[in-house]
>>> print(open('work_32.cif').read())   # mmCIF, C-alpha atoms
data_final
#
loop_
_atom_site.label_atom_id
_atom_site.label_comp_id
_atom_site.auth_asym_id
_atom_site.auth_seq_id
_atom_site.Cartn_x
_atom_site.Cartn_y
_atom_site.Cartn_z
CA ALA L 1 -185.64 -146.80 37.21
CA GLU L 2 -184.06 -144.37 34.74
CA LYS L 3 -182.14 -145.77 31.85
CA ASN L 4 -178.61 -144.61 31.09
CA PRO L 5 -178.68 -142.95 27.62
CA ASP L 6 -175.02 -143.83 27.01
CA LEU L 7 -175.69 -147.47 27.78
CA GLU L 8 -178.78 -147.46 25.58
CA HIS L 9 -176.74 -145.96 22.72
CA ALA L 10 -173.96 -148.53 23.19
CA GLU L 11 -176.49 -151.38 23.17
CA ARG L 12 -178.17 -150.01 20.02
CA VAL L 13 -174.83 -149.67 18.20
CA ALA L 14 -173.72 -153.13 19.34
CA ARG L 15 -176.92 -154.60 17.92
CA GLN L 16 -176.49 -152.68 14.63
CA VAL L 17 -172.88 -153.81 14.32
CA GLY L 18 -173.54 -157.43 15.28
CA LEU L 19 -176.50 -157.87 12.95
CA GLY L 20 -174.72 -155.95 10.21
CA ALA L 21 -171.64 -158.15 10.55
CA LEU L 22 -173.69 -161.30 10.22
CA ARG L 23 -175.73 -160.07 7.25
CA PHE L 24 -172.68 -158.66 5.46
CA ALA L 25 -170.74 -161.89 5.92
CA MET L 26 -173.61 -163.75 4.27
CA VAL L 27 -173.95 -161.46 1.22
CA LYS L 28 -170.36 -160.44 0.52
CA SER L 29 -169.61 -163.64 -1.40
CA GLU L 30 -171.16 -164.85 -4.60
CA ALA L 31 -174.20 -167.05 -4.01
CA LYS L 32 -172.38 -170.03 -5.58
CA ARG L 33 -169.59 -169.99 -3.01
CA VAL L 34 -169.46 -171.82 0.28
CA ILE L 35 -169.55 -169.38 3.19
CA ASP L 36 -166.78 -169.71 5.77
CA PHE L 37 -168.16 -167.64 8.64
CA ARG L 38 -165.88 -166.54 11.47
CA TRP L 39 -166.98 -163.99 14.06
CA GLU L 40 -163.51 -162.49 14.41
CA GLN L 41 -163.46 -161.72 10.67
CA ALA L 42 -167.09 -160.56 10.56
CA LEU L 43 -166.52 -158.07 13.39
CA ASN L 44 -163.13 -156.83 12.18
CA LEU L 45 -162.89 -153.01 12.00
CA GLN L 46 -159.89 -153.24 9.64
CA GLY L 47 -161.71 -154.26 6.47
CA ASP L 48 -163.79 -156.83 4.60
CA SER L 49 -166.64 -156.50 7.10
CA ALA L 50 -169.79 -154.53 7.84
CA PRO L 51 -168.23 -152.89 10.92
CA TYR L 52 -165.46 -151.52 8.68
CA VAL L 53 -168.06 -149.92 6.39
CA GLN L 54 -170.23 -148.83 9.33
CA TYR L 55 -167.25 -147.19 11.02
CA ALA L 56 -166.37 -145.33 7.81
CA HIS L 57 -169.97 -144.07 7.75
CA ALA L 58 -169.83 -143.06 11.43
CA ARG L 59 -166.53 -141.22 10.88
CA ALA L 60 -168.04 -139.22 8.00
CA ALA L 61 -171.16 -138.50 10.08
CA SER L 62 -168.96 -137.21 12.90
CA ILE L 63 -167.17 -134.79 10.56
CA LEU L 64 -170.53 -133.55 9.27
CA ARG L 65 -171.80 -132.94 12.82
CA ALA L 66 -168.66 -130.93 13.59
CA ALA L 67 -169.03 -129.00 10.32
CA LYS L 68 -172.62 -128.13 11.17
CA GLU L 69 -171.61 -126.98 14.67
CA ALA L 70 -168.88 -124.82 13.09
CA GLY L 71 -171.37 -123.28 10.66
CA VAL L 72 -169.65 -124.62 7.53
CA ASP L 73 -171.91 -124.11 4.51
CA PRO L 74 -171.20 -126.51 1.62
CA ALA L 75 -172.98 -124.08 -0.71
CA GLU L 76 -169.82 -121.94 -0.47
CA ALA L 77 -167.65 -124.72 -1.93
CA ASP L 78 -164.88 -123.84 -4.35
CA TRP L 79 -164.80 -127.02 -6.42
CA SER L 80 -161.71 -125.88 -8.33
CA ARG L 81 -159.67 -126.33 -5.12
CA LEU L 82 -160.21 -130.10 -4.99
CA GLY L 83 -157.16 -132.19 -5.80
CA SER L 84 -156.56 -135.66 -7.17
CA LEU L 85 -157.23 -137.35 -3.81
CA GLU L 86 -160.72 -135.84 -3.58
CA VAL L 87 -161.40 -136.59 -7.25
CA ALA L 88 -160.52 -140.27 -6.66
CA VAL L 89 -163.03 -140.48 -3.80
CA ALA L 90 -165.67 -138.64 -5.87
CA ARG L 91 -165.17 -141.09 -8.74
CA GLN L 92 -165.72 -143.98 -6.34
CA VAL L 93 -168.94 -142.36 -5.11
CA ALA L 94 -170.07 -141.82 -8.72
CA ARG L 95 -169.83 -145.57 -9.44
CA PHE L 96 -172.72 -146.38 -7.08
CA PRO L 97 -175.65 -146.12 -9.55
CA GLU L 98 -173.83 -148.40 -12.01
CA VAL L 99 -172.99 -150.98 -9.32
CA ARG L 100 -176.53 -150.89 -7.93
CA ALA L 101 -178.00 -151.46 -11.40
CA GLN L 102 -175.61 -154.31 -12.17
CA ALA L 103 -176.33 -155.98 -8.81
CA ALA L 104 -180.07 -155.76 -9.49
CA ARG L 105 -179.71 -157.11 -13.04
CA GLU L 106 -177.56 -160.02 -11.95
CA LEU L 107 -179.31 -160.61 -8.59
CA ALA L 108 -175.86 -160.26 -7.04
CA PRO L 109 -175.83 -158.44 -3.68
CA HIS L 110 -172.15 -159.29 -3.28
CA LEU L 111 -171.43 -156.56 -5.85
CA VAL L 112 -172.98 -153.97 -3.52
CA ALA L 113 -171.04 -155.38 -0.57
CA GLN L 114 -167.77 -155.21 -2.51
CA TYR L 115 -168.56 -151.67 -3.63
CA ALA L 116 -169.25 -150.67 -0.01
CA LEU L 117 -165.84 -152.05 0.97
CA ASP L 118 -164.17 -150.26 -1.93
CA LEU L 119 -165.80 -146.93 -1.05
CA ALA L 120 -164.96 -147.30 2.66
CA THR L 121 -161.36 -148.11 1.72
CA SER L 122 -161.16 -145.11 -0.61
CA TRP L 123 -162.66 -142.82 2.05
CA ASN L 124 -160.40 -144.16 4.82
CA GLY L 125 -157.35 -143.78 2.58
CA TYR L 126 -158.29 -140.19 1.90
CA TYR L 127 -159.08 -139.41 5.54
CA ASN L 128 -155.82 -140.97 6.77
CA HIS L 129 -153.59 -139.65 3.99
CA ARG L 130 -150.29 -138.24 5.20
CA GLY L 131 -147.94 -135.83 3.51
CA ALA L 132 -144.19 -136.28 3.14
CA ASP L 133 -143.76 -134.86 6.65
CA GLY L 134 -146.05 -137.54 8.11
CA ARG L 135 -148.78 -135.07 9.04
CA PRO L 136 -152.38 -135.37 7.81
CA ASP L 137 -152.65 -133.47 4.54
CA THR L 138 -156.37 -133.74 3.82
CA PRO L 139 -157.98 -131.98 6.78
CA VAL L 140 -161.63 -131.28 6.21
CA LEU L 141 -162.57 -128.71 8.84
CA ARG L 142 -159.11 -127.12 9.06
CA ALA L 143 -158.81 -126.59 5.30
CA GLU L 144 -158.85 -123.10 3.81
CA PRO L 145 -162.25 -121.49 3.09
CA GLY L 146 -163.69 -122.76 -0.17
CA LEU L 147 -161.72 -126.00 -0.02
CA ARG L 148 -163.18 -126.74 3.43
CA GLU L 149 -166.74 -126.42 2.10
CA ALA L 150 -165.96 -128.57 -0.95
CA ARG L 151 -164.47 -131.26 1.28
CA VAL L 152 -167.51 -131.14 3.58
CA ALA L 153 -169.78 -131.59 0.55
CA LEU L 154 -167.68 -134.59 -0.54
CA VAL L 155 -167.87 -136.08 2.96
CA ALA L 156 -171.66 -135.66 2.86
CA ARG L 157 -171.83 -137.63 -0.42
CA VAL L 158 -169.56 -140.34 0.97
CA ARG L 159 -171.68 -140.65 4.11
CA GLN L 160 -174.93 -140.81 2.14
CA THR L 161 -173.57 -143.35 -0.33
CA LEU L 162 -172.24 -145.58 2.44
CA ALA L 163 -175.64 -145.38 4.15
CA ASP L 164 -177.38 -146.25 0.87
CA THR L 165 -175.15 -149.26 0.20
CA LEU L 166 -175.68 -150.58 3.72
CA ALA L 167 -179.44 -150.02 3.44
CA LEU L 168 -179.52 -152.02 0.19
CA LEU L 169 -177.94 -154.88 2.11
CA GLY L 170 -180.41 -154.53 4.99
CA ILE L 171 -177.73 -153.19 7.33
CA GLU L 172 -178.09 -150.14 9.56
CA ALA L 173 -175.58 -147.30 9.34
CA PRO L 174 -174.79 -145.99 12.85
CA GLU L 175 -174.16 -142.25 13.14
CA ALA L 176 -171.57 -142.89 15.86
CA MET L 177 -169.59 -145.92 17.01
#
>>> encode(input="work_32.cif", output="structure tokens")
Amino acid sequence: AEKNPDLEHAERVARQVGLGALRFAMVKSEAKRVIDFRWEQALNLQGDSAPYVQYAHARAASILRAAKEAGVDPAEADWSRLGSLEVAVARQVARFPEVRAQAARELAPHLVAQYALDLATSWNGYYNHRGADGRPDTPVLRAEPGLREARVALVARVRQTLADTLALLGIEAPEAM
């Protein structure tokens, strides 16, 4: 009997999300604290959970796939075109080595979990940002040449950093959800 590739993918992602949710819920608090585990919180896509971070990663991966299909070359980035919203996300990405080092020094994986949440929140805020007219004002692939490539490069760094934070916590980063 042939297996359905869509069903296999859905099962693989469900396993990644379920195991990630459990692991994240265990490490997101300081070791000294009592853990109050609730599945509905652990599986919440709206924040403070592995699925929230995994979905942010999958969203960035989706944009990168579309950019590759469209032939966008990040080497053609015009970095001077980036605005304060992109700089804020880039600053969040740049904090990762410091957070990783501190977490290792202090044997505190909750610092990595909190950083992952902070980066996912920063990325989602950027991605969902709306202008005064209510329309998205930070399009990646529909941006002007130069800016588009710089935004794609930023998305690539966000995706990689989210994947790295999840990997440090022993959690898989699905490419699609």
>>> atom_distance(input="work_32.cif", atom1="CA of Tyr115 in chain L", atom2="CA of Pro174 in chain L")
18.5 Å
>>> resolve_selection(input="work_32.cif", expression="the PyMOL selection byres ((chain L and resi 147-157) around 10)", output="ChimeraX atom specification")
/L:57,59-61,63-64,67-68,72-83,86-87,89-90,93-94,123,127,138-146,158-163
>>> atom_distance(input="work_32.cif", atom1="CA of Gly20 in chain L", atom2="CA of Ile171 in chain L")
5.0 Å
>>> atom_distance(input="work_32.cif", atom1="CA of Asn128 in chain L", atom2="CA of Gln92 in chain L")
16.7 Å
>>> closest_residue(input="work_32.cif", among="L:Met177, L:Leu117, L:Phe24, L:Asp164", to="Pro97 in chain L", atoms="all atoms listed in the file")
L:Asp164
>>> residues_around(input="work_32.cif", residues="Thr121 in chain L", least_positions_apart="4", cutoff="9 Å", atoms="only C-alpha atoms", output="list in words")
Gly47, Tyr52, Val53, Ala56, Ala116, Leu117, Gly125 and Tyr126 of chain L
